[in-house]
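Reviewing the structure listed below.
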Amino acid sequence: MHSLLDRKKKEAGVGIDLSPSPFPQAARMFSCVGCFWVLLSSALGAVCCFSFISPAWIVKDHLKNKDSVSFGLLWHCSESMDHMYRCYTFGGLGKFDEIPSSSWQTSAVLCSGGCALLAVSSLLAIVTIFLPGGPCERRACTLAGYMQMAAVFIMGSGLLVYPFGLNSNLVKSFCGDADIYYAGECQIGWGYMLAIVGVMLTLFLPFFAKYAPKEQLSPTPLPTLL
């Protein structure tokens with residue numbers, strides 16, 4: 001009997017309780033999805049801005065001893081046979097109404113607005129890295145996701161409107177028998193294709209924003225070791 005009681009006392013003295021303490025706060029970590037979302041948002045924001053200022057939305061190579069030309073939303077570039085490359089803004093800086101087509105004016109407004117939304121949402125995504133996990137971070141991620149969704153629709157509309165300007169007199173003077181959604185002797189340039197790819201990838205950003213908030217880790221309770 002005494003030996004049994006001694007054994008129980010020893011076991012009670014040696015027992016180790018590894019259950020989690022109620023005082024320390026649960027550890028926090030960076031969400032892998034959140035980090036990927038931030039990187040992709042920043043990259044697509046840069047792609048959007050680069051494609052917006054690109055002069056290669058509609059291009060025409062050297063043909064029949066003629067100069068090659070390219071058009072963008074705001075720029076018109078030409079390369080002569082002696083490989084001299086010159087770029088000009090439509091009507092000069094500050095003369096938005098001199099863009100040769102109302103469709104291009106609309107497209108410029110929509111694409112610039114979409115790029116602005118995407119840039120702001122990218123900055124907001126970066127801010128969420130430094131926010132502690134909680135309601136504030138979730139609201140910031142939700143707001144950035146809505147902004148990115150709006151940017152997709154706005155930039156997509158701008159890209160759909162842009163080809164309507166191919167029937168302008170300026171484009172016809174270089175591309176021949178060009179018409180709406182038909183570039184004539186010209187072709188789609190890398191700037192326009194880059195903008196399309198950027199919008200298609202931006203479509204996934206709101207989905208990642210939903211799962212971007214950090215997870216609050218709670219230690220797995222361990223049984224008491226005797």
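Residue names in the structure tokens use chain letters A, B, ... in the order shown, residue numbers from 1 in each chain, and ligand numbers from 1 in the order shown.
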Quiz prompt | Shell around A:Ser121 at 9 Å using only C-alpha atoms, local window under 5 positions removed, as number ranges by chain | solution = A: 41-42, 45, 116, 126, 141, 143-148
Closest contacts (stretch 154-190 of chain A/stretch 47-52 of chain A, max 12 Å, only C-alpha atoms) as a Markdown table:
| residue | atom | partner | partner_atom | distance |
| --- | --- | --- | --- | --- |
| A:Met155 | CA | A:Cys48 | CA | 9.2 |
| A:Gly156 | CA | A:Cys48 | CA | 11.7 |
| A:Gly158 | CA | A:Phe52 | CA | 10.8 |
| A:Leu159 | CA | A:Phe52 | CA | 10.7 |
| A:Gly189 | CA | A:Ser51 | CA | 10.6 |
| A:Trp190 | CA | A:Ser51 | CA | 8.6 |
Write out as a CSV table (one decimal) with all heavy atoms, in the first residue's frame which residues come within 8 Å of stretch 34-39 of chain A when counting only C-alpha atoms, dropping same-chain ones fewer than 6 positions away.
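To be explicit, this is the file written out as around.csv:
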chain,number,residue,atom,x,y,z
A,122,SER,N,-2.3,48.4,-55.1
A,122,SER,CA,-1.0,47.8,-54.8
A,122,SER,C,-0.3,48.4,-53.6
A,122,SER,O,0.2,47.7,-52.8
A,122,SER,CB,-0.1,48.0,-56.1
A,122,SER,OG,-0.7,47.3,-57.2
A,125,ALA,N,-2.1,47.0,-50.7
A,125,ALA,CA,-1.7,45.6,-50.4
A,125,ALA,C,-0.3,45.6,-49.7
A,125,ALA,O,-0.1,44.7,-48.8
A,125,ALA,CB,-1.6,44.8,-51.7
A,126,ILE,N,0.6,46.5,-50.0
A,126,ILE,CA,1.9,46.5,-49.3
A,126,ILE,C,1.7,46.9,-47.9
A,126,ILE,O,2.3,46.4,-47.0
A,126,ILE,CB,2.8,47.5,-50.1
A,126,ILE,CG1,3.1,47.0,-51.5
A,126,ILE,CG2,4.1,47.7,-49.3
A,126,ILE,CD1,4.0,47.9,-52.3
A,129,ILE,N,0.9,44.2,-45.2
A,129,ILE,CA,2.0,43.4,-44.7
A,129,ILE,C,2.4,43.9,-43.3
A,129,ILE,O,2.7,43.0,-42.5
A,129,ILE,CB,3.3,43.5,-45.7
A,129,ILE,CG1,2.9,42.9,-47.0
A,129,ILE,CG2,4.5,42.8,-45.0
A,129,ILE,CD1,4.1,43.0,-48.0
A,205,LEU,N,-6.5,38.8,-59.0
A,205,LEU,CA,-6.1,39.5,-57.8
A,205,LEU,C,-7.2,39.5,-56.8
A,205,LEU,O,-7.0,39.3,-55.6
A,205,LEU,CB,-5.6,40.9,-58.2
A,205,LEU,CG,-4.3,41.0,-58.9
A,205,LEU,CD1,-3.9,42.4,-59.2
A,205,LEU,CD2,-3.2,40.3,-58.1
A,208,PHE,N,-7.2,36.3,-54.8
A,208,PHE,CA,-6.1,36.2,-53.8
A,208,PHE,C,-6.3,37.1,-52.7
A,208,PHE,O,-5.9,36.8,-51.5
A,208,PHE,CB,-4.8,36.5,-54.5
A,208,PHE,CG,-4.4,35.4,-55.5
A,208,PHE,CD1,-4.1,35.8,-56.8
A,208,PHE,CD2,-4.2,34.1,-55.1
A,208,PHE,CE1,-3.7,34.8,-57.7
A,208,PHE,CE2,-3.9,33.1,-56.0
A,208,PHE,CZ,-3.6,33.5,-57.3
A,209,ALA,N,-6.9,38.3,-52.9
A,209,ALA,CA,-7.2,39.2,-51.8
A,209,ALA,C,-8.1,38.7,-50.7
A,209,ALA,O,-8.0,39.0,-49.6
A,209,ALA,CB,-7.8,40.5,-52.4
A,211,TYR,N,-8.0,35.6,-49.6
A,211,TYR,CA,-7.3,34.7,-48.7
A,211,TYR,C,-6.0,35.4,-48.3
A,211,TYR,O,-5.1,34.6,-47.8
A,211,TYR,CB,-7.0,33.4,-49.4
A,211,TYR,CG,-8.3,32.7,-49.8
A,211,TYR,CD1,-8.8,32.8,-51.1
A,211,TYR,CD2,-9.0,31.9,-48.9
A,211,TYR,CE1,-10.0,32.2,-51.5
A,211,TYR,CE2,-10.2,31.3,-49.3
A,211,TYR,CZ,-10.7,31.4,-50.5
A,211,TYR,OH,-11.8,30.8,-50.9
A,212,ALA,N,-5.8,36.6,-48.5
A,212,ALA,CA,-4.5,37.3,-48.2
A,212,ALA,C,-4.3,37.6,-46.7
A,212,ALA,O,-3.2,37.6,-46.2
A,212,ALA,CB,-4.4,38.6,-49.0
A,213,PRO,N,-5.4,37.8,-45.9
A,213,PRO,CA,-5.1,38.2,-44.5
A,213,PRO,C,-4.3,37.1,-43.8
A,213,PRO,O,-4.4,35.9,-44.0
A,213,PRO,CB,-6.5,38.3,-43.9
A,213,PRO,CG,-7.4,38.6,-45.1
A,213,PRO,CD,-6.8,37.9,-46.2
A,214,LYS,N,-3.5,37.5,-42.8
A,214,LYS,CA,-2.7,36.6,-42.0
A,214,LYS,C,-3.6,35.7,-41.2
A,214,LYS,O,-4.6,36.1,-40.7
A,214,LYS,CB,-1.7,37.4,-41.1
A,214,LYS,CG,-0.9,38.4,-41.8
A,214,LYS,CD,0.0,39.2,-40.9
A,214,LYS,CE,0.7,40.3,-41.5
A,214,LYS,NZ,-0.2,41.4,-42.0
Quiz prompt | For stretch 172-181 of chain A: contacts at 12 Å, only C-alpha atoms, fewer than 4 positions along chain excluded, given as a ChimeraX atom specification | solution = /A:58-63,66-71,76-78,100-101,103-104,159-168,185-188
Exercise. From the DSSP assignment of the backbone, select every residue of stretch 36-218 of chain A that is strand (DSSP E), and format the answer as an MDAnalysis selection string.
Key: chainID A and resid 58:60 68:71 75:79 85:89 187:188
May I have the residues from that selection written out with C-alpha atoms, as an mmCIF file, in the first residue's frame?
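That gives us result19.cif:
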data_model
loop_
_atom_site.group_PDB
_atom_site.id
_atom_site.type_symbol
_atom_site.label_atom_id
_atom_site.label_comp_id
_atom_site.auth_asym_id
_atom_site.auth_seq_id
_atom_site.Cartn_x
_atom_site.Cartn_y
_atom_site.Cartn_z
ATOM 1 C CA ILE A 58 -0.694 49.517 -83.376
ATOM 2 C CA VAL A 59 2.475 49.049 -85.434
ATOM 3 C CA LYS A 60 3.506 48.957 -89.069
ATOM 4 C CA SER A 68 7.505 52.244 -90.038
ATOM 5 C CA VAL A 69 4.989 53.759 -87.643
ATOM 6 C CA SER A 70 3.415 52.869 -84.324
ATOM 7 C CA PHE A 71 0.520 54.259 -82.315
ATOM 8 C CA TRP A 75 2.034 58.624 -78.584
ATOM 9 C CA HIS A 76 2.747 58.400 -82.261
ATOM 10 C CA CYS A 77 6.187 57.159 -83.282
ATOM 11 C CA SER A 78 7.818 56.783 -86.678
ATOM 12 C CA GLU A 79 11.088 55.259 -87.842
ATOM 13 C CA TYR A 85 13.180 56.934 -84.479
ATOM 14 C CA ARG A 86 10.984 59.875 -83.429
ATOM 15 C CA CYS A 87 8.000 59.945 -81.068
ATOM 16 C CA TYR A 88 5.411 62.662 -80.647
ATOM 17 C CA THR A 89 2.468 63.141 -78.346
ATOM 18 C CA GLN A 187 -1.010 45.013 -86.906
ATOM 19 C CA ILE A 188 -1.514 44.709 -83.173
#
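Among the candidates A:Tyr192, A:Cys136, A:Ala183, A:Met149, the residue lying nearest to A:Phe204 is A:Met149 (atoms considered: only C-alpha atoms).
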Quiz item: Counting only C-alpha atoms, which of A:Leu110, A:Glu137, A:Val152, A:Pro55 gets nearest to A:Leu201?
Solution: A:Val152
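Going from atom CA of A:Ala140 over to atom CA of A:Gly113, you cover 20.2 Å.
Straight-line separation from atom CA of A:Glu98 to atom CA of A:Asn169: 12.8 Å.
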Self-check item: Residue nearest A:Asp97 among A:Tyr182, A:Gly114, A:Met193, A:Leu74 (counting only C-alpha atoms)
Solution: A:Leu74
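One distance worth recording is that between atom CA of A:Ile154 and atom CA of A:Leu44, which is 14.9 Å.
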